[in-house]
Every structure is written in C-alpha cells, then in structure tokens.
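Asks: Structure file input.txt, compact mmCIF, C-alpha atoms and all ligand atoms, is pasted below:
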```
# COMPACT_ATOMS: atom_id res chain seq x y z
CA MET A 1 -10.49 -17.73 -15.87
CA PRO A 2 -8.45 -14.70 -16.97
CA ARG A 3 -9.98 -11.27 -16.41
CA VAL A 4 -9.15 -8.12 -18.36
CA ALA A 5 -9.46 -4.70 -16.73
CA ASP A 6 -9.66 -1.55 -18.80
CA ALA A 7 -6.46 0.12 -17.55
CA LEU A 8 -3.74 2.50 -18.63
CA PRO A 9 -1.59 2.35 -20.64
CA SER A 10 -3.20 -0.90 -21.87
CA PRO A 11 -5.61 -3.61 -20.64
CA PHE A 12 -4.47 -5.47 -17.50
CA THR A 13 -5.00 -9.24 -17.65
CA TYR A 14 -4.98 -11.26 -14.41
CA GLU A 15 -6.33 -14.40 -12.75
CA ALA A 16 -7.80 -14.50 -9.25
CA SER A 17 -5.72 -17.50 -8.16
CA LYS A 18 -2.47 -15.70 -9.00
CA THR A 19 -3.43 -12.23 -7.83
CA ALA A 20 -2.84 -10.55 -4.48
CA LEU A 21 -4.29 -7.30 -3.20
CA VAL A 22 -1.57 -5.35 -1.35
CA VAL A 23 -2.98 -2.64 0.92
CA ILE A 24 -0.15 -0.33 1.90
CA ASP A 25 0.03 1.32 5.35
CA MET A 26 -3.64 2.23 5.97
CA GLN A 27 -2.61 2.96 9.54
CA ARG A 28 -3.80 5.46 12.09
CA ASP A 29 -0.21 6.82 12.08
CA PHE A 30 -0.80 8.20 8.58
CA ILE A 31 -4.54 8.87 8.55
CA GLU A 32 -5.37 10.30 11.99
CA PRO A 33 -4.04 13.40 13.77
CA GLY A 34 -1.10 12.78 16.11
CA GLY A 35 0.73 10.12 14.12
CA PHE A 36 3.76 10.03 11.86
CA GLY A 37 2.09 11.77 8.93
CA ALA A 38 1.08 14.70 11.10
CA ALA A 39 4.53 14.76 12.75
CA LEU A 40 6.01 15.35 9.30
CA GLY A 41 3.86 18.46 8.98
CA ASN A 42 1.17 17.05 6.69
CA ASP A 43 -2.58 17.72 6.59
CA VAL A 44 -3.71 14.16 7.36
CA SER A 45 -7.39 14.87 6.60
CA LEU A 46 -6.65 14.33 2.90
CA LEU A 47 -6.02 10.61 3.36
CA GLY A 48 -9.15 9.43 5.18
CA GLY A 49 -11.27 10.03 2.09
CA ILE A 50 -10.13 6.82 0.37
CA VAL A 51 -11.12 4.49 3.22
CA PRO A 52 -14.57 3.63 1.71
CA ASP A 53 -13.03 2.79 -1.69
CA VAL A 54 -10.26 0.71 -0.13
CA ALA A 55 -12.93 -1.09 1.91
CA ARG A 56 -14.91 -1.80 -1.28
CA LEU A 57 -11.77 -3.13 -2.99
CA LEU A 58 -10.96 -5.27 0.03
CA ARG A 59 -14.49 -6.76 0.06
CA HIS A 60 -14.16 -7.53 -3.63
CA ALA A 61 -10.78 -9.24 -3.20
CA ARG A 62 -12.17 -11.33 -0.34
CA GLU A 63 -15.25 -12.35 -2.34
CA ARG A 64 -13.09 -13.36 -5.30
CA GLY A 65 -10.60 -15.31 -3.21
CA TRP A 66 -7.55 -13.16 -3.93
CA PHE A 67 -4.71 -13.43 -1.46
CA VAL A 68 -4.79 -10.29 0.70
CA VAL A 69 -1.73 -8.55 2.15
CA HIS A 70 -1.76 -5.58 4.51
CA THR A 71 1.42 -3.68 5.34
CA ARG A 72 2.28 -1.45 8.26
CA GLU A 73 5.26 0.90 8.30
CA SER A 74 6.60 0.19 11.75
CA HIS A 75 9.70 -0.13 13.85
CA ALA A 76 10.82 -2.28 16.77
CA ALA A 77 10.44 -0.69 20.21
CA ASP A 78 14.24 -0.34 20.52
CA LEU A 79 14.38 1.28 17.03
CA SER A 80 17.10 -1.20 16.03
CA ASP A 81 15.50 -1.39 12.57
CA CYS A 82 15.26 2.39 12.13
CA PRO A 83 18.41 3.86 10.60
CA PRO A 84 19.40 7.18 12.21
CA ALA A 85 19.18 8.71 8.74
CA LYS A 86 15.45 7.93 8.74
CA ARG A 87 14.80 8.91 12.37
CA LEU A 88 16.57 12.24 12.14
CA ARG A 89 14.50 13.51 9.24
CA GLY A 90 11.25 15.40 9.79
CA GLN A 91 10.37 17.67 12.66
CA PRO A 92 12.82 17.49 15.62
CA SER A 93 9.86 17.86 18.01
CA ALA A 94 8.18 14.60 16.90
CA ARG A 95 10.39 11.84 15.55
CA ILE A 96 9.93 8.09 15.08
CA GLY A 97 9.89 6.54 18.55
CA ASP A 98 8.84 9.73 20.34
CA ALA A 99 5.67 9.78 22.46
CA GLY A 100 2.59 11.09 20.65
CA PRO A 101 -1.17 11.21 21.25
CA MET A 102 -1.54 7.67 19.82
CA GLY A 103 1.52 6.21 21.52
CA ARG A 104 5.11 6.13 20.28
CA ILE A 105 5.26 7.32 16.69
CA LEU A 106 5.57 4.52 14.10
CA VAL A 107 6.44 1.90 16.72
CA ARG A 108 5.04 -1.62 16.34
CA GLY A 109 2.17 -2.44 18.68
CA GLU A 110 1.39 1.18 19.61
CA PRO A 111 -2.25 2.31 19.07
CA GLY A 112 -1.27 4.64 16.23
CA ASN A 113 0.47 1.87 14.36
CA ALA A 114 -2.75 -0.13 13.92
CA ILE A 115 -4.59 -0.39 10.62
CA VAL A 116 -7.78 1.71 10.71
CA ALA A 117 -10.75 -0.26 12.03
CA ALA A 118 -12.74 -0.15 8.76
CA LEU A 119 -9.91 -1.98 6.95
CA ALA A 120 -8.84 -4.39 9.70
CA PRO A 121 -7.24 -7.62 8.48
CA VAL A 122 -9.23 -10.84 8.89
CA ALA A 123 -8.05 -14.43 9.47
CA GLY A 124 -6.01 -15.81 6.59
CA GLU A 125 -4.68 -12.44 5.46
CA LEU A 126 -0.99 -11.61 5.68
CA VAL A 127 0.14 -8.61 7.73
CA ILE A 128 3.66 -7.40 6.93
CA ASP A 129 5.47 -5.05 9.30
CA LYS A 130 7.98 -3.16 7.20
CA PRO A 131 10.72 -0.86 8.46
CA GLY A 132 11.22 0.74 5.06
CA LYS A 133 9.05 2.50 2.55
CA GLY A 134 9.02 -0.55 0.27
CA ALA A 135 7.06 -3.67 1.28
CA PHE A 136 9.81 -6.08 0.15
CA HIS A 137 12.79 -4.50 1.91
CA ALA A 138 13.70 -6.46 5.08
CA THR A 139 10.42 -8.43 5.08
CA ARG A 140 9.28 -11.95 4.13
CA LEU A 141 6.77 -10.68 1.54
CA GLY A 142 8.67 -12.05 -1.46
CA GLU A 143 8.79 -15.56 -0.01
CA GLU A 144 5.12 -15.47 1.01
CA LEU A 145 4.03 -14.48 -2.50
CA ALA A 146 6.32 -17.01 -4.18
CA THR A 147 4.99 -19.85 -1.99
CA ARG A 148 1.47 -19.06 -3.22
CA GLY A 149 2.40 -18.71 -6.91
CA ILE A 150 1.30 -15.08 -7.02
CA THR A 151 2.27 -13.26 -10.24
CA HIS A 152 -0.01 -10.19 -10.24
CA LEU A 153 -0.29 -7.49 -7.56
CA VAL A 154 -3.08 -4.95 -7.17
CA PHE A 155 -2.00 -2.01 -5.01
CA ALA A 156 -3.97 0.37 -2.80
CA GLY A 157 -3.08 2.52 0.20
CA VAL A 158 -0.95 5.47 1.24
CA THR A 159 0.93 7.44 0.27
CA THR A 160 0.94 7.14 -3.49
CA GLU A 161 4.37 8.61 -4.12
CA VAL A 162 6.14 7.20 -1.09
CA CYS A 163 5.25 3.70 0.17
CA VAL A 164 2.88 2.66 -2.62
CA GLN A 165 5.22 3.71 -5.40
CA THR A 166 8.33 2.30 -3.68
CA SER A 167 6.58 -1.06 -3.13
CA MET A 168 5.31 -1.14 -6.69
CA ARG A 169 8.77 -0.44 -8.06
CA GLU A 170 10.26 -3.17 -5.87
CA ALA A 171 7.58 -5.57 -7.14
CA ASN A 172 8.11 -4.56 -10.76
CA ASP A 173 11.82 -5.36 -10.49
CA ARG A 174 10.94 -8.74 -8.96
CA GLY A 175 8.85 -9.66 -12.01
CA TYR A 176 5.29 -8.99 -10.84
CA ASP A 177 2.68 -7.37 -13.07
CA CYS A 178 1.39 -4.48 -10.96
CA LEU A 179 -1.83 -2.47 -11.09
CA VAL A 180 -2.54 0.49 -8.79
CA ILE A 181 -6.15 1.47 -8.17
CA GLU A 182 -6.36 5.22 -8.70
CA ASP A 183 -9.17 6.03 -6.28
CA ALA A 184 -7.87 3.65 -3.60
CA THR A 185 -4.60 5.51 -3.11
CA ALA A 186 -3.90 9.01 -1.79
CA SER A 187 -1.17 11.49 -1.02
CA TYR A 188 -0.89 14.43 1.35
CA ILE A 189 0.10 16.34 -1.79
CA PRO A 190 -2.51 15.68 -4.50
CA ALA A 191 -0.23 16.82 -7.33
CA PHE A 192 2.27 14.13 -6.28
CA LYS A 193 -0.43 11.45 -6.54
CA ASP A 194 -1.29 12.56 -10.08
CA ALA A 195 2.38 12.71 -11.07
CA THR A 196 3.04 9.25 -9.63
CA LEU A 197 0.15 7.66 -11.50
CA ALA A 198 1.32 9.36 -14.70
CA MET A 199 4.91 8.17 -14.32
CA ILE A 200 3.90 4.58 -13.47
CA ARG A 201 1.96 4.18 -16.71
CA SER A 202 4.28 6.28 -18.90
CA GLN A 203 6.62 4.78 -21.48
CA GLY A 204 4.27 1.87 -22.14
CA GLY A 205 3.77 1.02 -18.46
CA ILE A 206 7.36 1.34 -17.26
CA VAL A 207 6.38 0.35 -13.70
CA GLY A 208 2.90 -1.06 -14.31
CA TRP A 209 -0.74 -0.15 -14.91
CA THR A 210 -3.36 2.14 -13.34
CA ALA A 211 -7.16 1.75 -13.33
CA SER A 212 -10.10 3.16 -11.44
CA LEU A 213 -11.93 0.98 -8.93
CA ALA A 214 -14.94 0.97 -11.26
CA GLN A 215 -12.80 -0.33 -14.12
CA LEU A 216 -11.47 -3.14 -11.96
CA LEU A 217 -14.94 -4.10 -10.70
CA GLU A 218 -16.30 -3.98 -14.24
CA SER A 219 -13.70 -6.53 -15.34
CA GLU A 220 -15.24 -9.00 -12.89
CA SER A 221 -18.88 -8.18 -13.35
CA THR A 222 -19.63 -11.36 -15.31
N1 LIG B 301 5.45 10.67 4.31
C1 LIG B 301 4.79 9.97 3.43
O1 LIG B 301 4.20 10.49 2.48
N2 LIG B 301 4.70 8.61 3.56
C2 LIG B 301 5.36 7.82 4.46
O2 LIG B 301 6.21 8.28 5.22
N3 LIG B 301 5.04 6.48 4.48
C3 LIG B 301 4.12 5.90 3.62
O3 LIG B 301 3.91 6.36 2.50
N4 LIG B 301 3.44 4.84 4.06
```
Would you kindly transcribe this structure into structure tokens?

Replies:
Amino acid sequence: MPRVADALPSPFTYEASKTALVVIDMQRDFIEPGGFGAALGNDVSLLGGIVPDVARLLRHARERGWFVVHTRESHAADLSDCPPAKRLRGQPSARIGDAGPMGRILVRGEPGNAIVAALAPVAGELVIDKPGKGAFHATRLGEELATRGITHLVFAGVTTEVCVQTSMREANDRGYDCLVIEDATASYIPAFKDATLAMIRSQGGIVGWTASLAQLLESEST
C-alpha cells in the first residue's frame, strides 16, 4: 500500500516493498574522538546527537520490512583503494591509514571503522564498505538494490553535505526517488547541513525530498 509523507518540496509517495533505508557512515571514525573526523580538525561532538533519531528510524524500517543498508567509509589495509589525492588532504599529522587512538584511521576492520554500537547492523541487512564519499562509487550497491526491485531510498547519517549528499546525488542520477530525514543527518558545520537540505529540495526537488522523522512516522501511523 502506498504511503505519503508530508515532505518538501512536495509529498513523498513510497511503498515499503520498494523502499530501502540507507544509513550513511554512522561510524566511530566520524562520531568519536580520535577518528577521521577529528583528524580533519572537526568538533565531533556535534554528530553524536542524532544517534537516537537514527536508531528510531532504523527500528521503524525494520518493523515495516524495508530493506536496510549501512555504509562505512573505509579503505583496504594496503590503501590500494585510497587515491593519494584523498590521502594527502587534511592534517599531515593524522592521515588515512595512520595510527590513531581507535586504530588506523579509516581502515577497514579497525575499531574506529565500526558502526556505533547503538546502530549496529543485524542479520539480513547489507553493509557496504565504500572507498569514496558516494555509496555507489566502486561498490556493489547498485546491483544489490536492482536485484531487490528497490525504487525509493530514505537517507540518514553523516555528514549531510559530504557523504549523504554525494550518495543522494549518485542515487538521483541512477533514477531513485530519494528522501533525506532532516533530524537523522548531521554535519560538523551546522550551516552546511541547512544549506544542503535547502539545495536538495530547491527547484522543485532537484535532487529529492526532505522530511522530519515525525513526518515520516506520521505517514505510516495508520
Ligand atoms: N569530512 C566530512 O564531513 N565527511 C567525510 O569525510 N565523510 C562522510 O561524510 N562520511
């Protein structure tokens, strides 16, 4: 049965069987001190605040039988999938692959690369390790969604203007209808979050839709 969420710039219509929740990079590397986010010079305390809302959204998606995808920004231990152009940006004292308090920064399998415990994936959910900012670049996400007949993506996670927005733009160009949940995404720079949400829904929804978590839950309250 189709559901309609009160969203901007217009109502967002979707069906559970064709909808996936995509939770972007809710990893210790971005949310806790000592990871990649901190190495870039950010105040990571701003990001932890959305964990309860992302957890609520995740519970809802599981109850409704949506397909659930989690992504992790991560690189192979030999950094063969990390272009020098990416590694050499940021602070010279703490780069991707360097040792940090939570293990090697942004390296697959290191403690800091794990998804925070409150949002841990469960059996049947897809975990995508992505070397880029976008979730489709150099991953099997497109094939996994196509196999399941998914047409609508609901986005959450961090950071709004980097990996969430890049993934949403990739998805938009691949033909998905995309909704980002405003209170389930965050940025180290709050003004960038607001600007990203505004640009996504500008020009009649040039990249997609935005809605609050309450608006999404309300659309499924019956
Ligand atoms: N730096 C920043 O805002 N974000 C990232 O580097 N990756 C993600 O957004 N996941």

Asks: Please identify all protein, DNA and RNA residues within 9 Å of ligand LIG 301 (chain B), counting only C-alpha atoms and all ligand atoms, and report them as a ChimeraX atom specification.

Replies: /A:24-27,30,36-37,40,42,71-73,132-134,157-166,187-189

Asks: Measuring between only C-alpha atoms, which one of A:Ala138, A:Ala85, A:Ala77, A:Leu197 shows the shortest distance to Gly109 (chain A)?

Replies: A:Ala77

Asks: With a distance cut-off of 8 Å and all atoms listed in the file, select the neighbouring residues of His70 (chain A), excluding the residue or stretch itself and same-chain residues fewer than 5 positions from it, and output the selection as a list in words.

Replies: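 Non-adjacent residues within range: Val22, Val23, Ile24, Asp25, Pro121, Glu125, Leu126, Val127 and Ile128 of chain A.
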
Asks: For the selection just defined, write its residues with C-alpha atoms to a file, as a CSV table (one decimal), in the coordinates of the input.

Replies:
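Writing the result to out_36.csv gives the following:
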```
chain,number,residue,atom,x,y,z
A,22,VAL,CA,-1.6,-5.4,-1.4
A,23,VAL,CA,-3.0,-2.6,0.9
A,24,ILE,CA,-0.2,-0.3,1.9
A,25,ASP,CA,0.0,1.3,5.4
A,121,PRO,CA,-7.2,-7.6,8.5
A,125,GLU,CA,-4.7,-12.4,5.5
A,126,LEU,CA,-1.0,-11.6,5.7
A,127,VAL,CA,0.1,-8.6,7.7
A,128,ILE,CA,3.7,-7.4,6.9
```

Asks: If you measure from CA of Gln215 (chain A) to CA of Ile50 (chain A), what distance in Å do you get, rounded to one decimal?

Replies: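 Distance reported for this atom pair: 16.4 Å.
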
Asks: Do you know which residues are at most 10 Å from Glu110 (chain A) counting all atoms listed in the file, after dropping those on the same chain fewer than 6 positions away, and could you put them as a PyMOL selection string?

Replies: chain A and resi 29+74+77+102-104

Asks: Which residues are close to Phe67 (chain A), i.e. within 8 Å by only C-alpha atoms, leaving aside same-chain residues fewer than 4 positions away? Reply as a PyMOL selection string.

Replies: chain A and resi 17+19-21+61-62+125

Asks: Could you please determine the separation between CA of Val68 (chain A) and CA of Glu170 (chain A) in Å, to one decimal place?

Replies: 17.9 Å

Asks: Near His152 (chain A), counting only C-alpha atoms, which residues have an atom at most 7 Å away, once you skip same-chain residues fewer than 6 positions from it, shown as a count of residues only?

Replies: 7

Asks: Hey, can you check how far CA of Ala171 (chain A) sits from CA of Leu79 (chain A)?

Replies: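 The value is 26.0 Å.
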
Asks: In terms of the shortest atom-to-atom distance over all atoms listed in the file, which of A:Val51, A:Met1, A:Ile200, A:Leu8 is closest to Met168 (chain A)?

Replies: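 Closest residue, counting all atoms listed in the file: A:Ile200.
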
Asks: I'd like to know which of A:Ser212, A:Gln203, A:Ala39, A:Trp66 is closest to Leu145 (chain A), using all atoms listed in the file.

Replies: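 Comparing A:Ser212, A:Gln203, A:Ala39, A:Trp66 against Leu145 (chain A), the winner is A:Trp66.
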